[in-house]
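*Asks:* Pasting a structure below so you can have a look.
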Amino acid sequence: MAVCRPQGTHGHPQLLPRPGGPSGGAPGTGSDPRAPGERRGRAVASVVGIDVDQARRDTPGCAHVAHLNNAGAALRPQVVTDAVIGHLQREAEIGGYEAADEAKDALAHTYDALGRLLGCSPTEIALVENATRAFDMAFYSFSFEPGDRILTSHAEYASNAVAMLQVARRSGAVIEVVDDDAFGQLDVADLERRLTRGAGPARLVALTHVPSQGGLVNPAAAIGRLTRAAGIPYLLDACQSVGQLELDVTEVGCDFLAGTGRKFLRGPRGTGFLYASGAITETLEPPFVDLWSATWTGPDTFELADGARRFETWECDVAGRIGLGAAVDYALGVGLADIELRVHELATALRERLVALAGVTVRDRGEHLCGIVTFTVEGTGPAAVRQHLAADAVNVHVTTAASAQLDFPRRGLGEVVRASVHYYNNDEDLDRLIRSLRAL
Ligand SMILES: Cc1ncc(COP(=O)(O)O)c(C=O)c1O
């Protein structure tokens with residue numbers, strides 16, 4: 001992996017608030033105080049120590065497309081594809097169980113790598129199929145009484161929201177959506193109030209760090225400080241943040257964290273993971289068990305497995321899990337602090353360029369914006385924009401209100417175009433998007 005550079009030399013990037021607070025600065029230009037368009041024609045990310053050319057050479061897809069759909073599924077480095085295919089090949093050659101035995105160390109390494117990525121023990125990692133299943137395994141482990149309150153945010157992802165609605169319908173628990181602050185992110189003062197005051201007891205805080213539908217970054221660590229102080233469990237959906245932002249579960253202060261492989265971690269599809277803190281895991285029973293998450297100890301008895309393994313199932317995509325480990329290694333090799341900085345710089349540059357285009361409105365809200373950039377184009381619907389861009393080999397996504405029911409309707413939004421950048425994108429990728437939009 002030639003893109004590696006020494007670790008630990010960079011602090012957390014400083015992402016500055018927009019001048020003048022939420023109403024200041026150009027709309028949607030994020031935290032960069034420069035005027036819209038000022039970066040045009042200049043190379044971005046000049047201060048970041050990532051070898052972007054090498055990262056692109058490591059990523060065959062870069063030769064074919066300007067991939068700005070990293071919040072959907074990022075382009076994989078070749079080393080990840082090789083790890084997956086290598087294992088599939090061994091399965092074909094010697095048998096699936098035998099290949100898994102042979103790959104025992106590589107499988108164990110995936111837990112170690114995720115532990116390093118998130119700052120936790122490998123025994124606190126469960127490997128599952130995707131972020132939704134990770135979230136569900138934690139969420140459905142809690143039992144709720146009528147009147148119990150589940151606190152969540154306006155940024156909530158559709159799958160999490162419908163799980164909450166189902167549990168509320170079954171149990172009589174109440175879902176409370178915490179107010180936004182002036183920037184559009186979760187209002188920690190309102191959360192603090194709701195943690196201690198309400199019609200019933202607050203039982204769980206379950207929310208999304210970075211939503212699917214915009215550049216917002218919820219204040220995960222500030223939330224964690226409050227939940228810790230109140231003694232309320234905290235489940236964080238980090239599906240869109242892991243791999244683009246530096247994350248440490250101790251700093252965040254969450255009890256559970258759900259993530260996926262295929263997005264900003266650049267891993268295989270069909271892979272996901274759950275961080276489950278050792279302390280809380282021992283107190284919870286997963287919503288369903290099998291012969292891996294539990295041992296059948298006698299005709300009428302079973303015992304749950306220790307650690308996060310109790311949230312896993314036995315049968316799994318072994319090749320995918322090995323590929324996930326390779327993807328995490330690759331991300332750690334590039335360095336999460338540098339990734340966060342470069343993604344922020346690219347996204348800021350992109351917002352500035354979009355704002356400067358006639359008829360384009362950037363739709364992101366938040367104090368600290370990440371690599372997800374959303375916009376609309378006057379007179380052309382998001383689906384038509386995506387199609388037009390695809391014809392110019394630019395990949396973007398369309399996000400609809402159906403996946404943002406607590407957010408889009410109250411902002412008067414139906415659909416937006418989502419262009420999500422990653423560190424391996426370059427100026428030419430952004431140029432191609434802008435050129436294509438100009439030609440609409
Ligand atoms: C914020 C957020 N949470 C959860 C998910 C679900 O992830 P997965 O498809 O891996 O289950 C997504 C997927 O887009 C997402 O954007």
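Naming works like this for the structure tokens: A, B, ... for the chains as they're shown, residue 1 at the start of each chain, ligands 1 onward in shown order.
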Taking only C-alpha atoms and all ligand atoms and a cut-off of 7 Å, can you tell me which residues surround ligand 1, written as a PyMOL selection string?

*Replies:* chain A and resi 71-72+130-133+156-157+159+208+210-212+237-240+259-260+272

*Asks:* Just give me the gap between atom CA of Glu315 of chain A and atom CA of Ala138 of chain A in Å, one decimal is fine.

*Replies:*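 One can read the atom CA of Glu315 of chain A to atom CA of Ala138 of chain A distance as 19.2 Å.
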
*Asks:* Among segment 78-315 of chain A, which ones does DSSP place in strand (DSSP E), written as a PyMOL selection string?

*Replies:* chain A and resi 125-128+149-152+174-177+202-208+234-237+256-260+272-276+294-298+301-304

*Asks:* Within 12 Å of segment 221-225 of chain A, counting only C-alpha atoms, which residues qualify if same-chain residues fewer than 4 places away don't, as a PyMOL selection string?

*Replies:* chain A and resi 151-153+178+185-192+195+204-209+217+229-236+246-257

*Asks:* Restricting the output to C-alpha atoms, write the selected residues as a PDB file, in the first residue's frame.

*Replies:*
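Output file result-v6.pdb is given in full below:
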```pdb
ATOM      1  CA  LEU A 151     -34.381  10.650  22.134  1.00  0.00           C
ATOM      2  CA  THR A 152     -33.291  11.157  18.561  1.00  0.00           C
ATOM      3  CA  SER A 153     -32.444  13.891  16.041  1.00  0.00           C
ATOM      4  CA  VAL A 178     -34.504  16.852  19.959  1.00  0.00           C
ATOM      5  CA  GLN A 185     -27.479  20.458  14.191  1.00  0.00           C
ATOM      6  CA  LEU A 186     -28.776  18.814  17.337  1.00  0.00           C
ATOM      7  CA  ASP A 187     -29.251  21.382  20.099  1.00  0.00           C
ATOM      8  CA  VAL A 188     -27.269  20.047  23.047  1.00  0.00           C
ATOM      9  CA  ALA A 189     -29.054  22.383  25.475  1.00  0.00           C
ATOM     10  CA  ASP A 190     -32.400  20.939  24.419  1.00  0.00           C
ATOM     11  CA  LEU A 191     -30.994  17.421  24.745  1.00  0.00           C
ATOM     12  CA  GLU A 192     -29.740  18.196  28.252  1.00  0.00           C
ATOM     13  CA  LEU A 195     -32.487  13.877  29.394  1.00  0.00           C
ATOM     14  CA  LEU A 204     -31.996   5.744  25.165  1.00  0.00           C
ATOM     15  CA  VAL A 205     -30.357   8.355  22.984  1.00  0.00           C
ATOM     16  CA  ALA A 206     -30.137   6.945  19.452  1.00  0.00           C
ATOM     17  CA  LEU A 207     -29.108   9.242  16.647  1.00  0.00           C
ATOM     18  CA  THR A 208     -27.129   9.832  13.503  1.00  0.00           C
ATOM     19  CA  HIS A 209     -23.727  11.508  13.470  1.00  0.00           C
ATOM     20  CA  VAL A 217     -22.074  16.799  11.536  1.00  0.00           C
ATOM     21  CA  ALA A 229     -23.544  12.487  32.995  1.00  0.00           C
ATOM     22  CA  ALA A 230     -27.189  11.407  32.867  1.00  0.00           C
ATOM     23  CA  GLY A 231     -26.372   7.672  32.793  1.00  0.00           C
ATOM     24  CA  ILE A 232     -28.472   7.133  29.639  1.00  0.00           C
ATOM     25  CA  PRO A 233     -27.257   4.689  26.947  1.00  0.00           C
ATOM     26  CA  TYR A 234     -26.092   6.305  23.709  1.00  0.00           C
ATOM     27  CA  LEU A 235     -26.268   4.588  20.320  1.00  0.00           C
ATOM     28  CA  LEU A 236     -24.553   6.483  17.521  1.00  0.00           C
ATOM     29  CA  GLU A 246     -11.564  10.845  12.980  1.00  0.00           C
ATOM     30  CA  LEU A 247     -13.581   8.874  15.506  1.00  0.00           C
ATOM     31  CA  ASP A 248     -12.630   7.589  18.922  1.00  0.00           C
ATOM     32  CA  VAL A 249     -15.367   5.928  20.924  1.00  0.00           C
ATOM     33  CA  THR A 250     -13.941   7.097  24.235  1.00  0.00           C
ATOM     34  CA  GLU A 251     -13.897  10.709  23.044  1.00  0.00           C
ATOM     35  CA  VAL A 252     -17.396  10.349  21.630  1.00  0.00           C
ATOM     36  CA  GLY A 253     -18.598   8.693  24.820  1.00  0.00           C
ATOM     37  CA  CYS A 254     -21.066   6.388  23.103  1.00  0.00           C
ATOM     38  CA  ASP A 255     -22.060   2.921  24.259  1.00  0.00           C
ATOM     39  CA  PHE A 256     -22.761   1.650  20.751  1.00  0.00           C
ATOM     40  CA  LEU A 257     -21.552   2.806  17.352  1.00  0.00           C
TER      41      LEU A 257
END
```

*Asks:* As an MDAnalysis selection string, please: the residues near Arg386 of chain A (cut-off 12 Å, only C-alpha atoms, same-chain neighbours under 5 positions excluded).

*Replies:* chainID A and resid 68:69 375:377 380:381 391:399 415:419 433 436:437 440

*Asks:* Find the distance between atom CA of Asp317 of chain A and atom CA of Gly270 of chain A and write it in Å to one decimal.

*Replies:*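 Taking atom CA of Asp317 of chain A and atom CA of Gly270 of chain A, their separation equals 7.9 Å.
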
*Asks:* Could you tell me, as a VMD selection string, which residues of segment 196-346 of chain A DSSP assigns to helix (DSSP H, G or I) when given the backbone?

*Replies:* chain A and resid 196 220 to 230 249 to 252 278 to 281 307 to 311 318 to 334 336 to 346

*Asks:* One decimal, in Å: what's the spacing between atom CA of Leu332 of chain A and atom CA of Val48 of chain A?

*Replies:* 15.2 Å

*Asks:* Listing only residues of segment 127-217 of chain A within 10 Å of segment 279-296 of chain A, what is the closest atom pair and its distance in Å (to one decimal) for each, using only C-alpha atoms, sorted by chain and residue number ascending, as a tab-separated table?

*Replies:*
```
residue	atom	partner	partner_atom	distance
A:Asp136	CA	A:Pro287	CA	8.5
A:Met137	CA	A:Pro286	CA	6.2
A:Ala138	CA	A:Pro286	CA	7.2
A:Phe139	CA	A:Pro287	CA	8.7
A:Tyr140	CA	A:Pro287	CA	5.5
A:Ser141	CA	A:Pro286	CA	4.8
A:Phe142	CA	A:Leu284	CA	7.0
A:Ser143	CA	A:Leu284	CA	9.3
```

*Asks:* Would you export the selected residues with N, CA and C atoms as a compact mmCIF listing (two decimals), in the first residue's frame, please?

*Replies:*
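Contents of result_15.txt, freshly written:
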```txt
# COMPACT_ATOMS: atom_id res chain seq x y z
N ASP A 136 -29.58 -2.04 14.46
CA ASP A 136 -30.71 -2.83 14.96
C ASP A 136 -30.30 -3.76 16.09
N MET A 137 -29.15 -4.41 15.94
CA MET A 137 -28.74 -5.36 16.99
C MET A 137 -28.60 -4.67 18.33
N ALA A 138 -28.13 -3.44 18.31
CA ALA A 138 -28.05 -2.68 19.56
C ALA A 138 -29.45 -2.20 19.97
N PHE A 139 -30.14 -1.58 19.05
CA PHE A 139 -31.40 -0.92 19.38
C PHE A 139 -32.45 -1.92 19.90
N TYR A 140 -32.58 -3.05 19.19
CA TYR A 140 -33.60 -4.02 19.59
C TYR A 140 -33.19 -4.82 20.83
N SER A 141 -31.99 -4.61 21.35
CA SER A 141 -31.59 -5.25 22.59
C SER A 141 -32.21 -4.58 23.82
N PHE A 142 -32.64 -3.34 23.65
CA PHE A 142 -33.24 -2.63 24.79
C PHE A 142 -34.70 -3.01 24.90
N SER A 143 -35.19 -3.13 26.14
CA SER A 143 -36.64 -3.30 26.28
C SER A 143 -37.22 -2.01 26.84
```

*Asks:* Counting only C-alpha atoms, figure out which residue out of A:Gly147, A:Gly371, A:Pro219, A:Gly366 gets nearest to Arg169 of chain A.

*Replies:*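 Using only C-alpha atoms, Arg169 of chain A sits closest to A:Gly147.
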
*Asks:* Using only C-alpha atoms, can you tell me which of A:Leu274, A:Leu369, A:Leu165, A:Leu265 comes closest to Ala308 of chain A?

*Replies:*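 Closest to Ala308 of chain A, using only C-alpha atoms: A:Leu274.
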
*Asks:* Name all residues at most 9 Å from Cys316 of chain A (count only C-alpha atoms; drop same-chain ones fewer than 3 positions away) and give them as an mmCIF file with N, CA and C atoms, in the first residue's frame.

*Replies:*
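For reference, result17.cif as written:
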```
data_model
loop_
_atom_site.group_PDB
_atom_site.id
_atom_site.type_symbol
_atom_site.label_atom_id
_atom_site.label_comp_id
_atom_site.auth_asym_id
_atom_site.auth_seq_id
_atom_site.Cartn_x
_atom_site.Cartn_y
_atom_site.Cartn_z
ATOM 1 N N LEU A 127 -18.890 -8.005 13.905
ATOM 2 C CA LEU A 127 -18.959 -7.856 12.453
ATOM 3 C C LEU A 127 -20.337 -8.326 11.984
ATOM 4 N N VAL A 128 -20.995 -7.463 11.238
ATOM 5 C CA VAL A 128 -22.349 -7.754 10.757
ATOM 6 C C VAL A 128 -22.446 -7.344 9.290
ATOM 7 N N GLU A 129 -23.653 -7.434 8.736
ATOM 8 C CA GLU A 129 -23.793 -7.248 7.287
ATOM 9 C C GLU A 129 -23.755 -5.802 6.834
ATOM 10 N N THR A 313 -23.707 -13.243 13.814
ATOM 11 C CA THR A 313 -24.228 -14.560 13.454
ATOM 12 C C THR A 313 -23.080 -15.392 12.879
ATOM 13 N N ALA A 319 -15.066 -13.513 2.903
ATOM 14 C CA ALA A 319 -14.237 -12.704 2.002
ATOM 15 C C ALA A 319 -14.484 -11.213 2.249
ATOM 16 N N GLY A 320 -15.750 -10.856 2.457
ATOM 17 C CA GLY A 320 -16.097 -9.456 2.728
ATOM 18 C C GLY A 320 -15.436 -8.968 4.017
ATOM 19 N N ARG A 321 -15.468 -9.816 5.024
ATOM 20 C CA ARG A 321 -14.863 -9.420 6.303
ATOM 21 C C ARG A 321 -13.347 -9.213 6.163
#
```
